[in-house]
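**Q** Here you go, one structure.
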Amino acid sequence: MPRIGVFVCQCGNNIAATVDTKKVAEEMLKLPGVVYTCDYKFMCSSPGQEMLKQTIKDNKLDSIIVAACSPHMHEKTFRKAGEAAGLNPYRVEITNIREQCSWVHHDKTRAVGTVKSTDLTRMTLERLKRNQPLNKIKIPIKKRALVIGGGIAGIQAALDIAEGGIEVVLVEREPSIGGNMARLSETFPTMDCSQCILTPKMVEAELNENIKLYTYSEVEKVDGYIGNFTVQIRKKARYVDEDRCTGCGECIEKCPFNAESKFELGLAKRKIIYTPFPQSVPNIPVIDAPNCPKIQKDKCGACAVVCGPKCIDFKQEDKIVTEEFGAIIVATGYDLMPNERFGEYGYGRIKDVINGMQFERLASSSGPTGGEIRRPSDGKVPQSIVFIQCVGSRDEQKGVSYCSKVCCMYTAKHTMLYNHKVHGGKSYVFYMDIRCAGKRYEEFVRRAIEHDGAMYLRGRVSRVYEKDGRIIVQGADTLSNSQVEIEADMVVMATALVSRPGADSLAQKLGIGYDKYKFYNEYHPKLRPVETVTAGIFLAGTCMGPMDIPDSVAQGSATASKVLALFSANEMTREPITALVNKVTCNACWDCVTACPYSAIERDAVKNRQGEVVRLLAKVNEGVCQGCGVCVAACRSKSIDLKGYTDEQVFAALAAF
Amino acid sequence: MSGHTDTTGHSGTTQSGAFEPKIMAFVCNWCTYAGADLAGTSRMEYRPNVRIIKLPCTGRIDPLFIIKAFENGADGVLVSGCHPGDCHYTTGNYHARRRWIGFKKLLEFAGIDMRRLHFSWVSASEAIKWVDLINNVTDEIKNLGPFMEYKGLK
Amino acid sequence: MKIPYYPGCTLNTVSKGFDLSARASARSVGFEMEELAQWNCCGATFPLSPDNLIALSAPAKVLANARKGGEELTTLCSVCYNVLKRTNAVMKGDKEKRSVINGFINEEYDGSLSIIHYLEILRDKVGFDKVKAAVKKPLTGLKTGAYYGCMLLRPFEDRGIDDSERPVIFEDMLKAVGAEPVEFPNKIECCGAHLAMSNTGLVTKLSGNVMTSAADNGAEIIVTSCPLCQYNLEQSQTALASATGDYKPMPIIYFTQLLGLALGQPVETLGFEKNVWDAMPLLKKKGLA
Amino acid sequence: MKIRLSGADIDGPRVKHIERVTGEDLKHCYQCGKCSAGCPVSYLMEVPPSRVMRLLQLGRVDDVEAANTMWVCVGCVQCYARCPKGCSVASVLEGMRQIQLRKGTGPTLIKDIPIPFLRKAPQQALVCGFRKFVG
Ligand SMILES: Cc1cc2nc3c(=O)[nH]c(=O)nc-3n(C[C@H](O)[C@H](O)[C@H](O)COP(=O)(O)OP(=O)(O)OC[C@H]3O[C@@H](n4cnc5c(N)ncnc54)[C@H](O)[C@@H]3O)c2cc1C
Ligand SMILES: Cc1cc2nc3c(=O)[nH]c(=O)nc-3n(C[C@H](O)[C@H](O)[C@H](O)COP(=O)(O)OP(=O)(O)OC[C@H]3O[C@@H](n4cnc5c(N)ncnc54)[C@H](O)[C@@H]3O)c2cc1C
Ligand code: SF4
Ligand code: SF4
Ligand code: SF4
Ligand code: SF4
Ligand code: SF4
Ligand code: SF4
Ligand code: SF4
Ligand code: SF4
């Protein structure tokens with residue numbers, strides 16, 4: 001027989017005014033299993049808690065009910081008190097007779113309130129009788145962090161975490177970290193040179209003892225859960241021994257062959273053995289294997305000959321390394337929508353129609369033209385440039401429905417750069433709306449218009465074609481209500497920012513969600529903007545949607561502080577309200593697996609001694625389960641139950657109703 | 001021991017003898033339960049006929065709970081959770097809703113008048129909505145009279 | 001290979017040369033165009049207002065009849081192609097409209113026909129490489145502007161023939177027969193279409209833009225797939241030539257006429273005599289006739 | 001110009017009628033101007049395509065009906081093919097033309113067709129023209 005105590009709180013007059021607490025206590029004492037009841041003025045006061053503890057001990061109670069205010073108020077208080085008196089905290093249950101009774105039923109005769117309080121407490125009692133003691137789940141935390149993607153967001157996250165004394169592995173797909181920001185010329189709204197503010201951070205990331213860089217690498221497989229992830233990383237063959245290479249660049253110098261530079265977006269060539277750009281971090285070249293005649297046909301080998309430390313290894317293969325982490329930050333960034341989709345703008349047909357990122361390269365002092373604006377076709381300095389905004393953005397027919405958020409600003413920036421570099425050059429901007437809502441952004445655009453003379457035309461362009469060596473741009477100016485035609489030397493398209501190819505497969509490896517454009521989903525757009533539904537995995541930067549550098553950096557730092565907070569304890573405790581599979585009855589229908597919003601249920605197998613699979617069954621990963629109970633309702637064979645809210649408990653409460 | 005206790009010791013009627021329905025409410029912990037709490041802290045008044053069972057999420061609600069509630073003497077059942085898109089567990093309430101569609105047919109088959117079953121969304125800030133909901137449901141069930149189909153089953 | 005063929009009213013009358021050269025060319029590259037036993041005018045315009053179902057009954061009737069004879073239907077005229085293809089999409093995709101239209105025409109047609117343009121047959125079924133192999137007289141050095149107009153390409157969701165902004169199917173065909181396709185920006189711009197009836201000034205202007213654009217890029221001859229385009233371009237050249245002194249009119253012909261020439265059909269059977277601006281001098285100059 | 005706006009015009013029966021006949025939802029148009037930019041006869045129109053959409057959004061059916069726009073539109077569908085929102089000004093204009101033709105209030109543009117045209121023009125031009133201008 002259980003030994004249950006029921007404590008009915010008066011809350012001064014808050015409860016006692018409309019509930020006869022004494023009567024409730026007396027009614028409870030009549031029920032089987034209840035060995036002690038009382039009512040008390042202020043249960044949560046120190047004397048109240050002391051009384052509670054003492055009574056538990058004196059009467060050898062094994063579980064208690066406190067009939068008082070909402071569990072959202074004092075459940076923790078009383079569980080703690082119970083625990084101090086030697087009870088399992090989950091054997092302490094609350095009945096809410098204040099918010100649900102005394103405060104909402106104002107019957108001064110106390111009849112209504114007393115009846116309802118008695119009913120509610122009786123229901124709690126029946127639940128409590130079927131209560132199992134539960135223990136908080138303790139999860140050890142592996143205090144190392146993984147950052148996937150070495151753009152500005154990922155670099156910032158890694159630096160901040162390292163600053164907090166925690167080890168970080170930064171995995172970058174390309175041969176160098178830096179991401180898209182490395183391509184930019186000057187950056188809005190302050191017009192600092194991108195390289196000047198980015199390079200020091202890249203170098204710092206390389207030198208920081210707490211940061212391990214895996215460039216030219218990709219995440220292959222992710223297992224585990226918050227605090228305990230196991231990750232396989234593929235280090236792609238560089239054909240250069242990273243440990244011995246001094247970065248002298250001799251090999252690059254001597255390599256006789258060229259290929260198109262991906263970094264320069266088709267505006268320049270690079271060698272077959274190359275670093276993407278001069279300030280690459282690490283400054284270790286890679287060989288572009290598909291284009292290297294030595295690797296393909298055993299011809300050449302010049303680089304190996306000139307390399308002093310002999311670090312070229314044409315036989316190098318990909319390597320898989322396995323590492324363990326407590327948290328993962330995803331910062332894989334964005335791409336630009338392929339321009340080919342927009343035939344009406346002449347891209348692909350007309351050489352001098354380029355996109356915004358290509359313009360960044362032309363304007364960058366480390367770019368293919370040394371920072372002079374010269375058009376790709378003949379190297380001439382363009383005397384007029386038409387900028388087209390919203391190319392692919394806000395275009396649900398051929399592009400994406402969202403606004404890319406940064407292109408209004410960078411187009412204004414482009415007109416300024418152009419005006420500074422080409423005196424007398426005229427820029428025209430076709431826009432639909434000017435969306436520049438950041439701090440000092442509106443002022444920035446007005447400067448482009450008022451000071452740098454950019455001609456803004458409200459409307460879209462419909463046709464771009466060549467005539468007599470010039471580019472004819474046919475658009476509309478809806479403000480003057482007319483069709484306009486401009487003869488230009490160059491056209492720059494502000495194409496939409498889109499997710500990276502393969503963003504979805506990475507998300508599937510990580511178990512995080514993404515939207516229809518394959519941008520990653522945050523847990524809550526306002527209140528948990530850098531978390532994902534998968535505990536321990538965080539998001540920073542443009543992998544979740546278009547944003548500019550200030551936002552990307554803020555998010556990088558935000559994820560770092562989340563990780564540091566997580567790592568500030570040695571282990572995590574979690575509410576033990578999790579699902580549990582009945583191994584005997586589970587028939588492996590996997591309904592629960594598909595129902596679980598957190599992918600917390602795995603397909604497990606029972607094996608015999610020979611290691612053969614005897615049968616399959618579901619298994620809940622307690623580290624991941626959030627205790628929603630969706631699986632329980634989904635299971636048709638009643639083989640999975642939710643601790644603390646078991647079917648048995650609910651039915652018992654119903655029976656007492 | 002079952003049934004609302006009342007001062008006369010009879011179940012289902014008040015002293016005055018008028019029919020007082022018993023209403024079972026299944027609510028989620030995060031939204032509706034908090035909304036009901038807010039009604040309390042705001043000292044709003046509503047009909048006393050409802051008894052709440054708190055669950056982590058409406059997605060936890062097994063259709064059997066509802067049948068059991070009727071079996072145990074409920075005259076009406078109320079299910080309320082977070083608004084679509086606001087679920088604390090992201091998609092729990094979608095699962096719940098999807099299940100209800102099939103479940104409704106089953107309930108009708110089981111002889112339960114669908115007017116006795118109410119679904120609603122009440123967020124943590126919608127105390128007024130909660131109060132209105134309880135009052136309306138209580139009045140409606142009152143008009144329908146006691147649920148007799150299952151009486152005597154137990 | 002036999003493919004059911006809908007000529008349409010224009011090809012049956014004023015543009016007979018288009019029809020004949022296409023049939024003969026088809027035979028040279030290995031397929032037979034089998035004219036539908038029974039057909040009526042398609043209406044020559046796809047009604048843009050969706051409530052105008054009556055206008056869909058004529059093309060639907062064509063489709064229903066064609067379906068009785070096979071699963072495919074080919075046409076030459078761009079307008080017929082456009083009207084039939086779009087009507088077919090309605091019959092296939094919109095159950096409600098389908099039943100109303102079927103009610104009008106007293107048929108049970110479900111949109112299961114596949115409408116393919118002659119050029120698509122050459123590209124997808126025959127293959128341009130096979131066309132190339134069948135060429136007897138390569139049209140070497142013939143600078144040809146391929147004029148697509150509107151109806152082969154738009155609107156994009158029903159297109160099928162090619163990318164609506166950057167089509168190449170015509171040029172690929174011209175390359176296969178050894179001609180030199182000329183890229184010109186106005187190849188997908190409108191010629192003025194039915195405004196020929198009410199506003200010749202406008203047609204002259206639009207067609208003029210097309211032709212000057214082609215001429216500026218070096219075209220000596222223009223090919224089309226649409227009798228109305230052909231008519232508008234031809235008719236506009238007189239006015240164009242007198243308005244701008246340096247514009248020299250050029251022949252505007254159907255693509256099948258060039259195809260037939262390359263495949264070795266006798267030049268007199270190709271219908272060049274019908275053209276206002278004679279192609280013969282040019283072809284002779286190039287040693288092609 | 002000053003326009004007095006009223007809900008009765010904006011959501012009025014004439015606008016709704018146009019929407020029903022043309023199958024277009026005028027609200028979708030966000031006035032980017034791409035249709036006007038690409039329309040080959042835009043320069044001739046008293047009200048260019050994007051402005052047609054705007055005036056109709058404002059409930060100004062008369063202003064559109066009074067303009068030559070729907071009678072010079074060649075039906076090339078360029079506006080629709082390139083509209084980022086999938087609106088078809090071509091359909092709107094055709095629908096409005098149909099409304100006028102059905103009422104018999106449209107101008108008679110093809111009273112007298114030049115004989116040489118009749119003799120030489122392709123059939124399709126006649127069929128199409130009559131469809132467009134006579135209804
Ligand atoms: C033309 C243009 C001009 C701009 N100008 C400005 C400006 O002036 N000011 C401003 O504030 N913003 C500007 N921006 C926006 C700015 O570029 C972005 O805000 C910023 O670069 C986003 O950084 P990120 O780290 O989120 O992404 P990225 O820079 O894209 O970095 C992501 C990194 O992750 C790597 N990666 C991707 N997938 C994987 C994978 N699976 N595994 C490993 N690594 C992976 C990528 O290789 C890349 O290095 C501009 C954008 C454009 C297009
Ligand atoms: C009409 C309106 C509608 C909005 N709607 C939305 C919306 O739908 N969605 C959305 O995302 N955002 C919305 N916002 C923006 C949103 O309100 C803000 O982003 C958000 O509230 C900012 O929070 P905060 O903490 O920065 O500042 P605040 O909310 O202003 O909080 C600052 C706090 O600091 C206290 N304080 C100030 N000085 C001192 C001092 N010296 N010492 C101690 N305390 C001090 C203040 O009393 C205040 O409590 C809206 C804004 C407005 C004006
Ligand atoms: S425990 Fe709750 S109900 Fe009791 S006195 Fe404290 S606040 Fe009031
Ligand atoms: S020559 Fe050798 S050491 Fe120098 S950069 Fe090349 S690989 Fe490195
Ligand atoms: S072996 Fe390859 S990488 Fe080396 S120098 Fe030759 S081409 Fe360049
Ligand atoms: S930021 Fe400006 S240019 Fe870019 S999509 Fe949005 S509105 Fe268009
Ligand atoms: S309780 Fe919720 S989170 Fe846990 S396993 Fe079940 S469905 Fe998944
Ligand atoms: S739903 Fe139930 S029976 Fe099916 S796998 Fe899950 S626990 Fe097992
Ligand atoms: S192109 Fe479309 S959205 Fe843009 S103005 Fe024209 S109808 Fe409106
Ligand atoms: S269909 Fe009419 S409105 Fe549209 S682009 Fe063509 S001519 Fe202009």
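Residues in the structure tokens are named by chain (A, B, ... in the order shown) and by number from 1 within that chain; ligands are numbered from 1 in the order shown.
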Tell me which protein, DNA and RNA residues are within 9 Å of Val131 of chain B, counting only C-alpha atoms, leaving out same-chain ones fewer than 5 positions away, and put them as a list in words.

**A**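 Once the nearby chain positions are removed, what remains is Ala36, Ala39, Met44, Glu45, Tyr46, Arg47, Glu126 and Asn136 of chain B.
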
**Q** Wanna dump the chain D-chain C contacts at 9 Å for me, each residue with its shortest atom pair and the distance in Å to one decimal, counting only C-alpha atoms, ordered by chain and number, as CSV?

**A**
residue,atom,partner,partner_atom,distance
D:Arg20,CA,C:Asp51,CA,7.9
D:Val21,CA,C:Asp51,CA,5.7
D:Thr22,CA,C:Ser49,CA,4.5
D:Gly23,CA,C:Pro50,CA,6.0
D:Glu24,CA,C:Ser49,CA,9.0
D:Pro40,CA,C:Cys190,CA,7.0
D:Val41,CA,C:Leu202,CA,8.1
D:Leu44,CA,C:Leu202,CA,8.9
D:Trp71,CA,C:Leu195,CA,8.9
D:Val72,CA,C:Leu195,CA,7.5
D:Cys73,CA,C:Leu195,CA,8.5
D:Val74,CA,C:Gly192,CA,6.0
D:Gly75,CA,C:Ala193,CA,8.0
D:Cys76,CA,C:Cys150,CA,5.7
D:Val77,CA,C:Pro155,CA,6.4
D:Gln78,CA,C:Arg154,CA,7.3
D:Tyr80,CA,C:Pro155,CA,6.9
D:Ala81,CA,C:Pro155,CA,5.0
D:Arg82,CA,C:Phe156,CA,8.7
D:Ser88,CA,C:Leu48,CA,8.8
D:Ala90,CA,C:Leu48,CA,7.1
D:Ser91,CA,C:Leu48,CA,4.8
D:Val92,CA,C:Ser49,CA,7.5
D:Leu93,CA,C:Ser49,CA,8.9
D:Glu94,CA,C:Leu48,CA,6.3
D:Gly95,CA,C:Ser49,CA,5.3
D:Gln98,CA,C:Ser49,CA,8.3
D:Leu109,CA,C:Ser198,CA,6.0
D:Ile110,CA,C:Ser198,CA,5.9
D:Ile113,CA,C:Met197,CA,6.8
D:Pro114,CA,C:Met197,CA,8.3
D:Phe117,CA,C:Met197,CA,7.7
D:Lys120,CA,C:Val14,CA,7.5
D:Ala121,CA,C:Tyr231,CA,6.6
D:Pro122,CA,C:Thr10,CA,5.6
D:Gln123,CA,C:Thr10,CA,5.3
D:Gln124,CA,C:Ala44,CA,5.3
D:Ala125,CA,C:His194,CA,5.3
D:Leu126,CA,C:Met197,CA,7.4
D:Val127,CA,C:Ala44,CA,6.1
D:Cys128,CA,C:Ala44,CA,5.2
D:Gly129,CA,C:His194,CA,5.1
D:Phe130,CA,C:His194,CA,8.9
D:Arg131,CA,C:Thr45,CA,7.6
D:Lys132,CA,C:His194,CA,8.3

**Q** Based on the selection just made, write N, CA and C atoms of those residues as a compact mmCIF listing (two decimals), in the first residue's frame.

**A**
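For reference, again25.txt as written:
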# COMPACT_ATOMS: atom_id res chain seq x y z
N ARG D 20 -13.42 37.56 -63.67
CA ARG D 20 -14.06 36.28 -63.98
C ARG D 20 -13.86 35.92 -65.45
N VAL D 21 -14.07 36.90 -66.31
CA VAL D 21 -13.96 36.63 -67.74
C VAL D 21 -12.51 36.29 -68.12
N THR D 22 -11.55 36.96 -67.49
CA THR D 22 -10.17 36.79 -67.92
C THR D 22 -9.43 35.73 -67.13
N GLY D 23 -10.00 35.33 -66.01
CA GLY D 23 -9.33 34.34 -65.19
C GLY D 23 -8.09 34.87 -64.49
N GLU D 24 -7.93 36.18 -64.46
CA GLU D 24 -6.74 36.75 -63.83
C GLU D 24 -7.10 37.35 -62.48
N PRO D 40 5.81 44.85 -77.50
CA PRO D 40 6.30 45.49 -78.73
C PRO D 40 5.49 46.72 -79.14
N VAL D 41 4.27 46.85 -78.63
CA VAL D 41 3.47 48.00 -79.03
C VAL D 41 3.19 48.96 -77.87
N LEU D 44 2.94 52.63 -78.35
CA LEU D 44 1.77 53.16 -79.04
C LEU D 44 0.53 53.22 -78.16
N TRP D 71 -7.05 47.44 -78.37
CA TRP D 71 -7.21 47.29 -79.82
C TRP D 71 -5.90 47.25 -80.56
N VAL D 72 -4.82 47.68 -79.90
CA VAL D 72 -3.52 47.57 -80.59
C VAL D 72 -2.68 46.42 -80.06
N CYS D 73 -3.10 45.80 -79.00
CA CYS D 73 -2.38 44.63 -78.48
C CYS D 73 -2.36 43.56 -79.56
N VAL D 74 -1.17 43.03 -79.88
CA VAL D 74 -1.09 42.04 -80.95
C VAL D 74 -1.25 40.61 -80.45
N GLY D 75 -1.42 40.46 -79.15
CA GLY D 75 -1.61 39.11 -78.63
C GLY D 75 -0.36 38.26 -78.70
N CYS D 76 0.79 38.88 -78.61
CA CYS D 76 2.04 38.12 -78.74
C CYS D 76 2.38 37.37 -77.46
N VAL D 77 1.70 37.69 -76.38
CA VAL D 77 1.85 37.01 -75.09
C VAL D 77 3.23 37.21 -74.46
N GLN D 78 3.97 38.16 -74.98
CA GLN D 78 5.28 38.42 -74.38
C GLN D 78 5.11 38.86 -72.92
N TYR D 80 2.87 38.03 -70.76
CA TYR D 80 2.59 36.90 -69.90
C TYR D 80 3.82 36.01 -69.76
N ALA D 81 4.49 35.78 -70.87
CA ALA D 81 5.64 34.89 -70.84
C ALA D 81 6.70 35.38 -69.87
N ARG D 82 6.79 36.70 -69.68
CA ARG D 82 7.87 37.20 -68.84
C ARG D 82 7.40 37.73 -67.49
N SER D 88 -1.31 37.65 -66.85
CA SER D 88 -1.38 37.78 -68.29
C SER D 88 -2.17 39.03 -68.65
N ALA D 90 -2.21 40.09 -71.53
CA ALA D 90 -2.82 39.69 -72.79
C ALA D 90 -4.23 39.18 -72.56
N SER D 91 -4.40 38.34 -71.54
CA SER D 91 -5.73 37.81 -71.25
C SER D 91 -6.67 38.90 -70.76
N VAL D 92 -6.13 39.79 -69.94
CA VAL D 92 -6.99 40.87 -69.44
C VAL D 92 -7.50 41.71 -70.60
N LEU D 93 -6.59 42.03 -71.51
CA LEU D 93 -6.99 42.86 -72.65
C LEU D 93 -7.97 42.12 -73.55
N GLU D 94 -7.69 40.85 -73.76
CA GLU D 94 -8.62 40.09 -74.60
C GLU D 94 -9.99 39.99 -73.95
N GLY D 95 -9.98 39.76 -72.64
CA GLY D 95 -11.25 39.66 -71.93
C GLY D 95 -12.04 40.96 -72.02
N GLN D 98 -13.44 41.28 -75.37
CA GLN D 98 -14.62 40.41 -75.50
C GLN D 98 -15.85 41.06 -74.86
N LEU D 109 -13.21 48.23 -86.18
CA LEU D 109 -11.90 48.48 -86.76
C LEU D 109 -11.78 47.90 -88.16
N ILE D 110 -12.64 46.97 -88.47
CA ILE D 110 -12.46 46.30 -89.77
C ILE D 110 -13.70 46.43 -90.61
N ILE D 113 -12.18 46.00 -95.37
CA ILE D 113 -10.89 45.34 -95.49
C ILE D 113 -10.39 45.56 -96.92
N PRO D 114 -9.16 45.98 -97.03
CA PRO D 114 -8.62 46.21 -98.38
C PRO D 114 -8.67 44.94 -99.22
N PHE D 117 -5.70 42.71 -99.63
CA PHE D 117 -5.46 41.93 -98.42
C PHE D 117 -6.29 40.66 -98.45
N LYS D 120 -4.79 38.18 -100.86
CA LYS D 120 -3.47 37.57 -100.66
C LYS D 120 -3.21 37.04 -99.24
N ALA D 121 -3.88 37.62 -98.29
CA ALA D 121 -3.52 37.29 -96.92
C ALA D 121 -3.85 35.84 -96.61
N PRO D 122 -3.09 35.26 -95.74
CA PRO D 122 -3.40 33.89 -95.34
C PRO D 122 -4.76 33.84 -94.63
N GLN D 123 -5.46 32.74 -94.81
CA GLN D 123 -6.77 32.56 -94.17
C GLN D 123 -6.71 32.85 -92.69
N GLN D 124 -5.63 32.36 -92.10
CA GLN D 124 -5.56 32.46 -90.64
C GLN D 124 -5.62 33.91 -90.17
N ALA D 125 -5.10 34.83 -91.01
CA ALA D 125 -5.14 36.22 -90.60
C ALA D 125 -6.57 36.70 -90.52
N LEU D 126 -7.37 36.27 -91.49
CA LEU D 126 -8.77 36.68 -91.49
C LEU D 126 -9.52 36.07 -90.31
N VAL D 127 -9.31 34.77 -90.15
CA VAL D 127 -10.03 34.08 -89.07
C VAL D 127 -9.67 34.72 -87.74
N CYS D 128 -8.38 34.87 -87.55
CA CYS D 128 -7.88 35.40 -86.29
C CYS D 128 -8.35 36.84 -86.09
N GLY D 129 -8.22 37.62 -87.11
CA GLY D 129 -8.61 39.02 -87.00
C GLY D 129 -10.08 39.17 -86.67
N PHE D 130 -10.90 38.37 -87.33
CA PHE D 130 -12.33 38.46 -87.04
C PHE D 130 -12.61 38.04 -85.61
N ARG D 131 -11.91 36.99 -85.19
CA ARG D 131 -12.07 36.53 -83.81
C ARG D 131 -11.74 37.66 -82.83
N LYS D 132 -10.63 38.32 -83.12
CA LYS D 132 -10.15 39.32 -82.17
C LYS D 132 -11.01 40.58 -82.20

**Q** Pick out the residues sitting within 12 Å of Trp100 of chain B, and hand them over as a list of chain:residue names; count only C-alpha atoms, and ignore anything fewer than 3 positions along from it in its own chain.

**A**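 Within the cut-off, the hits are A:Ala633, A:Ala634, B:Thr58, B:Gly59, B:Ile61, B:Asp62, B:Pro63, B:Leu64, B:Ile66, B:Val79, B:Asn93, B:Tyr94, B:His95, B:Ala96, B:Arg97, B:Phe103, B:Lys104, B:Lys105, B:Leu106, B:Leu107, B:Glu108, B:Met114, B:Leu117, B:His118, B:Phe119.
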
**Q** Can I get the selection written as a short mmCIF file (atom, residue, chain, number, x, y, z; two decimals), in the first residue's frame, with C-alpha atoms?

**A**
data_model
loop_
_atom_site.label_atom_id
_atom_site.label_comp_id
_atom_site.auth_asym_id
_atom_site.auth_seq_id
_atom_site.Cartn_x
_atom_site.Cartn_y
_atom_site.Cartn_z
CA ALA A 633 -0.60 8.11 -29.96
CA ALA A 634 0.76 6.86 -33.27
CA THR B 58 -2.13 17.45 -28.23
CA GLY B 59 -0.12 15.00 -30.30
CA ILE B 61 -3.79 12.46 -27.13
CA ASP B 62 -4.86 8.99 -27.94
CA PRO B 63 -8.38 8.79 -29.42
CA LEU B 64 -9.10 6.21 -26.77
CA ILE B 66 -11.83 10.52 -25.48
CA VAL B 79 -9.32 19.15 -26.84
CA ASN B 93 -0.37 19.37 -33.26
CA TYR B 94 -0.31 18.62 -36.97
CA HIS B 95 -0.05 14.96 -36.15
CA ALA B 96 -2.94 15.34 -33.79
CA ARG B 97 -5.07 17.05 -36.39
CA PHE B 103 -10.91 9.44 -35.73
CA LYS B 104 -14.05 11.47 -36.18
CA LYS B 105 -15.58 8.70 -38.23
CA LEU B 106 -14.73 6.17 -35.57
CA LEU B 107 -16.37 8.28 -32.89
CA GLU B 108 -19.50 8.69 -34.90
CA MET B 114 -19.88 15.04 -32.63
CA LEU B 117 -16.55 16.95 -28.88
CA HIS B 118 -14.81 20.26 -29.34
CA PHE B 119 -11.44 21.08 -30.78
#

**Q** Out of C:Val177, C:Ala64, C:Met1, C:Ala214, which residue has the shortest atom-to-atom distance to chain A when counting only C-alpha atoms?

**A**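 Of C:Val177, C:Ala64, C:Met1, C:Ala214, the one nearest chain A, counting only C-alpha atoms, is C:Ala214.
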
**Q** Given a cut-off of 7 Å, what residues near ligand 1 show up using only C-alpha atoms and all ligand atoms, put as number ranges by chain?

**A** A: 148-154, 171-174, 177-181, 184, 186-189, 217-219, 331-336, 356-357, 360, 406-407, 410, 413, 497, 500, 503, 506, 540-543, 547-550, 552
